[in-house]
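> Sharing query_16.tsv (TSV, C-alpha atoms and all ligand atoms) below.
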```tsv
chain	number	residue	atom	x	y	z
A	82	MET	CA	-22.02	2.94	5.36
A	83	GLN	CA	-20.46	2.43	8.79
A	84	ALA	CA	-17.10	4.08	9.50
A	85	PRO	CA	-14.55	1.63	8.09
A	86	ALA	CA	-12.23	0.32	10.77
A	87	HIS	CA	-9.17	0.72	8.60
A	88	ILE	CA	-8.44	2.46	5.34
A	89	VAL	CA	-6.01	0.29	3.42
A	90	LEU	CA	-3.98	1.65	0.52
A	91	ILE	CA	-2.83	-0.86	-2.08
A	92	GLY	CA	-1.09	-0.47	-5.43
A	93	PRO	CA	2.25	-0.75	-7.18
A	94	MET	CA	5.58	0.65	-6.04
A	95	GLY	CA	5.71	4.37	-6.77
A	96	ALA	CA	1.95	4.90	-6.56
A	97	GLY	CA	2.49	7.14	-3.52
A	98	LYS	CA	0.84	4.92	-0.92
A	99	SER	CA	2.98	6.09	2.02
A	100	THR	CA	2.93	9.82	1.22
A	101	THR	CA	-0.77	9.82	0.42
A	102	GLY	CA	-1.50	7.67	3.45
A	103	ARG	CA	0.27	10.06	5.80
A	104	ALA	CA	-1.67	13.05	4.46
A	105	LEU	CA	-4.96	11.13	4.53
A	106	ALA	CA	-4.40	10.00	8.12
A	107	GLN	CA	-3.77	13.60	9.12
A	108	ALA	CA	-6.95	14.79	7.39
A	109	LEU	CA	-9.03	12.06	9.02
A	110	GLU	CA	-7.27	12.41	12.38
A	111	ARG	CA	-6.30	8.76	12.43
A	112	ALA	CA	-3.02	6.99	13.05
A	113	PHE	CA	-0.92	6.23	9.97
A	114	VAL	CA	0.85	2.89	9.72
A	115	ASP	CA	3.35	1.91	7.03
A	116	LEU	CA	3.44	-1.86	6.65
A	117	ASP	CA	7.01	-1.96	5.27
A	118	SER	CA	8.31	0.13	8.19
A	119	ARG	CA	6.56	-2.17	10.66
A	120	ILE	CA	8.15	-5.23	9.04
A	121	GLU	CA	11.60	-3.60	9.17
A	122	HIS	CA	11.10	-2.66	12.80
A	123	ARG	CA	9.90	-6.16	13.73
A	124	ALA	CA	12.69	-7.92	11.81
A	125	GLY	CA	15.38	-5.44	12.86
A	126	ARG	CA	16.51	-5.36	9.22
A	127	ARG	CA	15.90	-3.32	6.09
A	128	ILE	CA	13.64	-4.94	3.51
A	129	ALA	CA	16.54	-5.36	1.08
A	130	GLU	CA	18.42	-7.30	3.78
A	131	ILE	CA	15.41	-9.53	4.46
A	132	PHE	CA	15.20	-10.36	0.75
A	133	GLU	CA	18.94	-10.96	0.56
A	134	HIS	CA	19.35	-13.08	3.68
A	135	ALA	CA	15.99	-14.83	4.06
A	136	GLY	CA	14.49	-14.59	0.58
A	137	GLU	CA	11.26	-13.17	-0.82
A	138	ALA	CA	9.10	-15.99	0.60
A	139	ALA	CA	10.26	-15.13	4.13
A	140	PHE	CA	9.49	-11.46	3.50
A	141	ARG	CA	5.98	-12.39	2.28
A	142	ALA	CA	5.38	-14.43	5.44
A	143	LEU	CA	6.39	-11.44	7.61
A	144	GLU	CA	4.20	-9.19	5.48
A	145	ARG	CA	1.18	-11.48	5.95
A	146	THR	CA	1.69	-11.83	9.72
A	147	GLU	CA	2.14	-8.11	10.26
A	148	LEU	CA	-0.87	-7.27	8.10
A	149	CYS	CA	-3.10	-9.67	10.04
A	150	GLU	CA	-2.02	-8.13	13.33
A	151	LEU	CA	-2.60	-4.59	12.16
A	152	LEU	CA	-6.01	-5.33	10.69
A	153	ALA	CA	-7.09	-7.01	13.93
A	154	ARG	CA	-6.47	-3.81	15.90
A	155	ALA	CA	-9.54	-1.96	17.11
A	156	GLU	CA	-8.10	1.52	16.67
A	157	PRO	CA	-8.92	2.66	13.14
A	158	CYS	CA	-5.89	3.58	11.08
A	159	VAL	CA	-4.77	4.43	7.58
A	160	LEU	CA	-2.52	1.61	6.44
A	161	ALA	CA	-0.10	1.84	3.50
A	162	THR	CA	0.81	-1.65	2.28
A	163	GLY	CA	3.71	-2.77	0.10
A	164	GLY	CA	3.06	-3.37	-3.60
A	165	GLY	CA	3.07	-7.15	-3.20
A	166	ALA	CA	0.80	-7.39	-0.16
A	167	VAL	CA	-2.09	-8.45	-2.42
A	168	LEU	CA	-0.25	-11.58	-3.58
A	169	ASP	CA	-1.61	-13.61	-0.66
A	170	ALA	CA	-5.28	-14.66	-0.97
A	171	GLY	CA	-5.83	-14.63	2.81
A	172	SER	CA	-4.44	-11.09	3.06
A	173	ARG	CA	-6.68	-9.92	0.24
A	174	ARG	CA	-9.75	-11.33	1.99
A	175	LEU	CA	-8.77	-9.77	5.33
A	176	MET	CA	-8.15	-6.36	3.79
A	177	ARG	CA	-11.61	-6.34	2.21
A	178	GLU	CA	-13.34	-7.67	5.33
A	179	ARG	CA	-11.68	-5.41	7.86
A	180	GLY	CA	-11.03	-2.29	5.86
A	181	PHE	CA	-12.01	0.03	3.10
A	182	VAL	CA	-9.47	-0.71	0.39
A	183	VAL	CA	-8.24	1.99	-1.98
A	184	HIS	CA	-6.19	1.09	-5.05
A	185	LEU	CA	-3.75	3.83	-6.03
A	186	GLN	CA	-3.09	3.30	-9.73
A	187	VAL	CA	0.03	4.32	-11.62
A	188	ASP	CA	1.41	3.43	-15.05
A	189	VAL	CA	4.82	1.90	-15.63
A	190	GLY	CA	6.27	5.04	-17.27
A	191	THR	CA	5.39	7.11	-14.20
A	192	GLN	CA	6.74	4.41	-11.87
A	193	LEU	CA	10.06	4.49	-13.73
A	194	GLU	CA	10.26	8.27	-13.34
A	195	ARG	CA	9.27	8.31	-9.67
A	196	LEU	CA	11.58	5.44	-8.75
A	197	ALA	CA	14.54	6.45	-10.94
A	198	ASP	CA	16.76	7.22	-7.93
A	199	ASP	CA	15.49	4.40	-5.73
A	200	ARG	CA	18.14	1.94	-4.59
A	201	ASP	CA	16.19	0.40	-1.69
A	202	ARG	CA	13.64	-1.80	-3.42
A	203	PRO	CA	15.07	-5.28	-3.99
A	204	LEU	CA	12.68	-6.11	-6.83
A	205	LEU	CA	14.07	-3.13	-8.75
A	206	ALA	CA	17.74	-3.98	-8.19
A	207	ARG	CA	18.14	-5.13	-11.79
A	208	PRO	CA	18.98	-3.57	-15.14
A	209	ASP	CA	15.64	-4.35	-16.82
A	210	ARG	CA	13.41	-2.40	-14.46
A	211	GLU	CA	10.84	-1.58	-17.10
A	212	ALA	CA	10.29	-5.24	-18.03
A	213	ALA	CA	10.14	-6.20	-14.34
A	214	LEU	CA	7.51	-3.53	-13.63
A	215	HIS	CA	5.42	-4.64	-16.63
A	216	ALA	CA	5.60	-8.26	-15.48
A	217	MET	CA	4.55	-7.29	-11.94
A	218	ALA	CA	1.70	-5.17	-13.31
A	219	ALA	CA	0.42	-8.05	-15.44
A	220	ALA	CA	0.45	-10.43	-12.49
A	221	ARG	CA	-0.87	-8.01	-9.86
A	222	GLU	CA	-3.37	-5.69	-11.57
A	223	PRO	CA	-6.18	-8.28	-11.39
A	224	LEU	CA	-5.44	-8.72	-7.68
A	225	TYR	CA	-5.56	-4.97	-6.99
A	226	PHE	CA	-8.86	-4.81	-8.89
A	227	GLU	CA	-10.50	-7.69	-7.04
A	228	THR	CA	-9.38	-6.36	-3.64
A	229	ALA	CA	-10.20	-2.65	-3.94
A	230	HIS	CA	-13.43	-0.92	-3.01
A	231	LEU	CA	-12.27	2.25	-4.75
A	232	ARG	CA	-9.63	3.15	-7.38
A	233	ILE	CA	-7.80	6.43	-7.89
A	234	ASP	CA	-5.39	7.21	-10.73
A	235	THR	CA	-2.31	8.92	-9.29
A	236	THR	CA	-0.51	9.56	-12.58
A	237	GLN	CA	-1.40	13.26	-12.89
A	238	ALA	CA	-1.93	14.19	-9.25
A	239	GLU	CA	0.22	14.96	-6.22
A	240	PRO	CA	-0.24	12.81	-3.08
A	241	ALA	CA	-1.60	15.81	-1.08
A	242	ALA	CA	-4.34	16.40	-3.68
A	243	ILE	CA	-5.18	12.71	-3.84
A	244	ALA	CA	-5.43	12.55	-0.04
A	245	ALA	CA	-7.72	15.61	0.06
A	246	ASP	CA	-9.94	14.14	-2.67
A	247	LEU	CA	-10.04	10.79	-0.93
A	248	ALA	CA	-10.83	12.32	2.49
A	249	ALA	CA	-13.74	14.28	0.93
A	250	ARG	CA	-15.08	11.19	-0.84
A	251	LEU	CA	-14.85	9.08	2.30
A	252	ARG	CA	-16.68	11.72	4.36
A	253	VAL	CA	-19.53	11.79	1.83
A	254	ALA	CA	-19.73	7.99	1.66
A	255	CYS	CA	-19.48	7.74	5.41
A	256	PRO	CA	-20.19	10.85	7.52
A	257	ALA	CA	-19.18	8.94	10.69
A	258	ILE	CA	-15.59	8.96	9.48
A	259	GLY	CA	-15.10	12.54	10.74
A	260	GLY	CA	-11.67	14.15	10.73
A	261	SER	CA	-10.66	17.77	10.15
A	262	HIS	CA	-12.22	19.59	7.22
A	263	PRO	CA	-10.08	21.85	5.02
B	1	LIG	C1	7.35	-4.61	-2.96
B	1	LIG	C2	7.05	-3.30	-2.71
B	1	LIG	C3	7.71	-2.53	-1.65
B	1	LIG	C4	8.20	-3.47	-0.55
B	1	LIG	C5	9.06	-4.55	-1.12
B	1	LIG	C6	8.32	-5.40	-2.14
B	1	LIG	C7	6.62	-5.32	-4.03
B	1	LIG	O1	6.81	-1.59	-1.09
B	1	LIG	O2	7.12	-4.02	0.16
B	1	LIG	O3	10.20	-3.96	-1.69
B	1	LIG	O4	6.59	-6.56	-4.04
B	1	LIG	O5	6.03	-4.63	-4.91
B	1	LIG	P1	6.31	-0.25	-1.87
B	1	LIG	O6	5.15	-0.65	-2.73
B	1	LIG	O7	5.91	0.67	-0.77
B	1	LIG	O8	7.45	0.26	-2.65
```
Mind turning this structure into structure tokens?


Amino acid sequence: MQAPAHIVLIGPMGAGKSTTGRALAQALERAFVDLDSRIEHRAGRRIAEIFEHAGEAAFRALERTELCELLARAEPCVLATGGGAVLDAGSRRLMRERGFVVHLQVDVGTQLERLADDRDRPLLARPDREAALHAMAAAREPLYFETAHLRIDTTQAEPAAIAADLAARLRVACPAIGGSHP
């Protein structure tokens, strides 16, 4: 296997994509990019404000545009996407074509625990969080499955351990990927 240009982390909110991605990027000596942070920087607004003022469809358009730009870059990076980045068919195709896609899995109970104090995510600004997370899982799980090259269950493991495991697996699958060894 050739060194993948980009390593793209997908999965639901609370799967640990950003924390794991940062640790993985460090281990592989690559740049880390957080898609949500890029969108906020580009829009000059927090995600919650984009949802509130422009609506979810506008956020999804920004997400798609930013993702396309990042995946077109030559410099290989580790990219943490937002939980809904797989909703767009074109984005799913691009992620698979231009990157090695890793699905970080998490169950709804664990999401509820990890996100209990979160007040930033607009899709969780509602009293029935559990039902909302189940509905999102039902709609999105097939999309995560069809997009990913590799799946890792994060329920029992810390992001640092997942990143170390992932870095080791990627180096075996693709020695050209390099990076610092523990
Ligand atoms: C979303 C997930 C969030 C963020 C936005 C929408 C989603 O990212 O992109 O609030 O649709 O699941 P995280 O998965 O990093 O929380």

> Report as JSON lines the residues of chain A within 10 Å of ligand LIG 1 (chain B), each with its shortest atom pair and distance in Å (one decimal), using only C-alpha atoms and all ligand atoms, ordered by chain and increasing residue number.


```
{"residue": "A:Leu90", "atom": "CA", "partner": "B:LIG1", "partner_atom": "O6", "distance": 10.0}
{"residue": "A:Ile91", "atom": "CA", "partner": "B:LIG1", "partner_atom": "O6", "distance": 8.0}
{"residue": "A:Gly92", "atom": "CA", "partner": "B:LIG1", "partner_atom": "O6", "distance": 6.8}
{"residue": "A:Pro93", "atom": "CA", "partner": "B:LIG1", "partner_atom": "O6", "distance": 5.3}
{"residue": "A:Met94", "atom": "CA", "partner": "B:LIG1", "partner_atom": "O6", "distance": 3.6}
{"residue": "A:Gly95", "atom": "CA", "partner": "B:LIG1", "partner_atom": "O8", "distance": 6.1}
{"residue": "A:Ala96", "atom": "CA", "partner": "B:LIG1", "partner_atom": "O6", "distance": 7.5}
{"residue": "A:Gly97", "atom": "CA", "partner": "B:LIG1", "partner_atom": "O7", "distance": 7.8}
{"residue": "A:Lys98", "atom": "CA", "partner": "B:LIG1", "partner_atom": "O7", "distance": 6.6}
{"residue": "A:Ser99", "atom": "CA", "partner": "B:LIG1", "partner_atom": "O7", "distance": 6.8}
{"residue": "A:Thr100", "atom": "CA", "partner": "B:LIG1", "partner_atom": "O7", "distance": 9.8}
{"residue": "A:Asp115", "atom": "CA", "partner": "B:LIG1", "partner_atom": "O7", "distance": 8.3}
{"residue": "A:Leu116", "atom": "CA", "partner": "B:LIG1", "partner_atom": "O2", "distance": 7.8}
{"residue": "A:Asp117", "atom": "CA", "partner": "B:LIG1", "partner_atom": "O2", "distance": 5.5}
{"residue": "A:Ser118", "atom": "CA", "partner": "B:LIG1", "partner_atom": "O2", "distance": 9.1}
{"residue": "A:Ile120", "atom": "CA", "partner": "B:LIG1", "partner_atom": "O2", "distance": 9.0}
{"residue": "A:Arg127", "atom": "CA", "partner": "B:LIG1", "partner_atom": "O3", "distance": 9.7}
{"residue": "A:Ile128", "atom": "CA", "partner": "B:LIG1", "partner_atom": "O3", "distance": 6.3}
{"residue": "A:Ala129", "atom": "CA", "partner": "B:LIG1", "partner_atom": "O3", "distance": 7.1}
{"residue": "A:Ile131", "atom": "CA", "partner": "B:LIG1", "partner_atom": "O3", "distance": 9.8}
{"residue": "A:Phe132", "atom": "CA", "partner": "B:LIG1", "partner_atom": "O3", "distance": 8.5}
{"residue": "A:Glu137", "atom": "CA", "partner": "B:LIG1", "partner_atom": "C6", "distance": 8.4}
{"residue": "A:Phe140", "atom": "CA", "partner": "B:LIG1", "partner_atom": "C5", "distance": 8.3}
{"residue": "A:Arg141", "atom": "CA", "partner": "B:LIG1", "partner_atom": "C6", "distance": 8.6}
{"residue": "A:Glu144", "atom": "CA", "partner": "B:LIG1", "partner_atom": "O2", "distance": 8.0}
{"residue": "A:Ala161", "atom": "CA", "partner": "B:LIG1", "partner_atom": "O7", "distance": 7.5}
{"residue": "A:Thr162", "atom": "CA", "partner": "B:LIG1", "partner_atom": "O7", "distance": 6.4}
{"residue": "A:Gly163", "atom": "CA", "partner": "B:LIG1", "partner_atom": "O1", "distance": 3.5}
{"residue": "A:Gly164", "atom": "CA", "partner": "B:LIG1", "partner_atom": "O5", "distance": 3.5}
{"residue": "A:Gly165", "atom": "CA", "partner": "B:LIG1", "partner_atom": "O4", "distance": 3.7}
{"residue": "A:Ala166", "atom": "CA", "partner": "B:LIG1", "partner_atom": "O4", "distance": 7.0}
{"residue": "A:Val167", "atom": "CA", "partner": "B:LIG1", "partner_atom": "O4", "distance": 9.0}
{"residue": "A:Leu168", "atom": "CA", "partner": "B:LIG1", "partner_atom": "O4", "distance": 8.5}
{"residue": "A:Leu196", "atom": "CA", "partner": "B:LIG1", "partner_atom": "O8", "distance": 9.0}
{"residue": "A:Asp199", "atom": "CA", "partner": "B:LIG1", "partner_atom": "O8", "distance": 9.6}
{"residue": "A:Asp201", "atom": "CA", "partner": "B:LIG1", "partner_atom": "O3", "distance": 7.4}
{"residue": "A:Arg202", "atom": "CA", "partner": "B:LIG1", "partner_atom": "O3", "distance": 4.4}
{"residue": "A:Pro203", "atom": "CA", "partner": "B:LIG1", "partner_atom": "O3", "distance": 5.5}
{"residue": "A:Leu204", "atom": "CA", "partner": "B:LIG1", "partner_atom": "O3", "distance": 6.1}
{"residue": "A:Leu205", "atom": "CA", "partner": "B:LIG1", "partner_atom": "O3", "distance": 8.1}
{"residue": "A:Ala206", "atom": "CA", "partner": "B:LIG1", "partner_atom": "O3", "distance": 10.0}
{"residue": "A:Leu214", "atom": "CA", "partner": "B:LIG1", "partner_atom": "O5", "distance": 8.9}
{"residue": "A:Met217", "atom": "CA", "partner": "B:LIG1", "partner_atom": "O5", "distance": 7.7}
{"residue": "A:Ala218", "atom": "CA", "partner": "B:LIG1", "partner_atom": "O5", "distance": 9.5}
{"residue": "A:Arg221", "atom": "CA", "partner": "B:LIG1", "partner_atom": "O5", "distance": 9.1}
```

> Suppose you want the space between CA of Val114 (chain A) and CA of His262 (chain A); what is it in Å?

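CA of His262 (chain A) lies 21.4 Å from CA of Val114 (chain A).
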
> One decimal, in Å: what's the spacing between CA of Tyr225 (chain A) and CA of His184 (chain A)?

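CA of His184 (chain A) lies 6.4 Å from CA of Tyr225 (chain A).
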
> With distances taken over all atoms listed in the file, which residue among A:Ile258, A:Met176, A:Ala238, A:Val187 lies nearest Leu109 (chain A)?

A:Ile258

> Record the distance separating CA of Arg154 (chain A) and CA of Ser261 (chain A), expressed in Å with one decimal.

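Atom-to-atom, CA of Arg154 (chain A) to CA of Ser261 (chain A), that is 22.7 Å.
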
> Nearest to Gly260 (chain A) among A:Ala242, A:Val159, A:Val89, A:Ala106, with distances taken over only C-alpha atoms: which residue is it?

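Looking only at the distances to Gly260 (chain A), the closest residue turns out to be A:Ala106.
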
> Do a neighbour search on Ile233 (chain A) at 9 Å with all atoms listed in the file, toss out local chain neighbours closer than 5 positions, and write the hits as a count of residues only.

7

> Determine, counting all atoms listed in the file, which protein, DNA and RNA residues have an atom within 9 Å of an atom of Arg177 (chain A); residues of the same chain fewer than 2 positions away are not included. Present the result as a list in words.

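Here the answer would be Val89, Ser172, Arg173, Arg174, Leu175, Arg179, Gly180, Phe181, Val182, Thr228, Ala229 and His230 of chain A.
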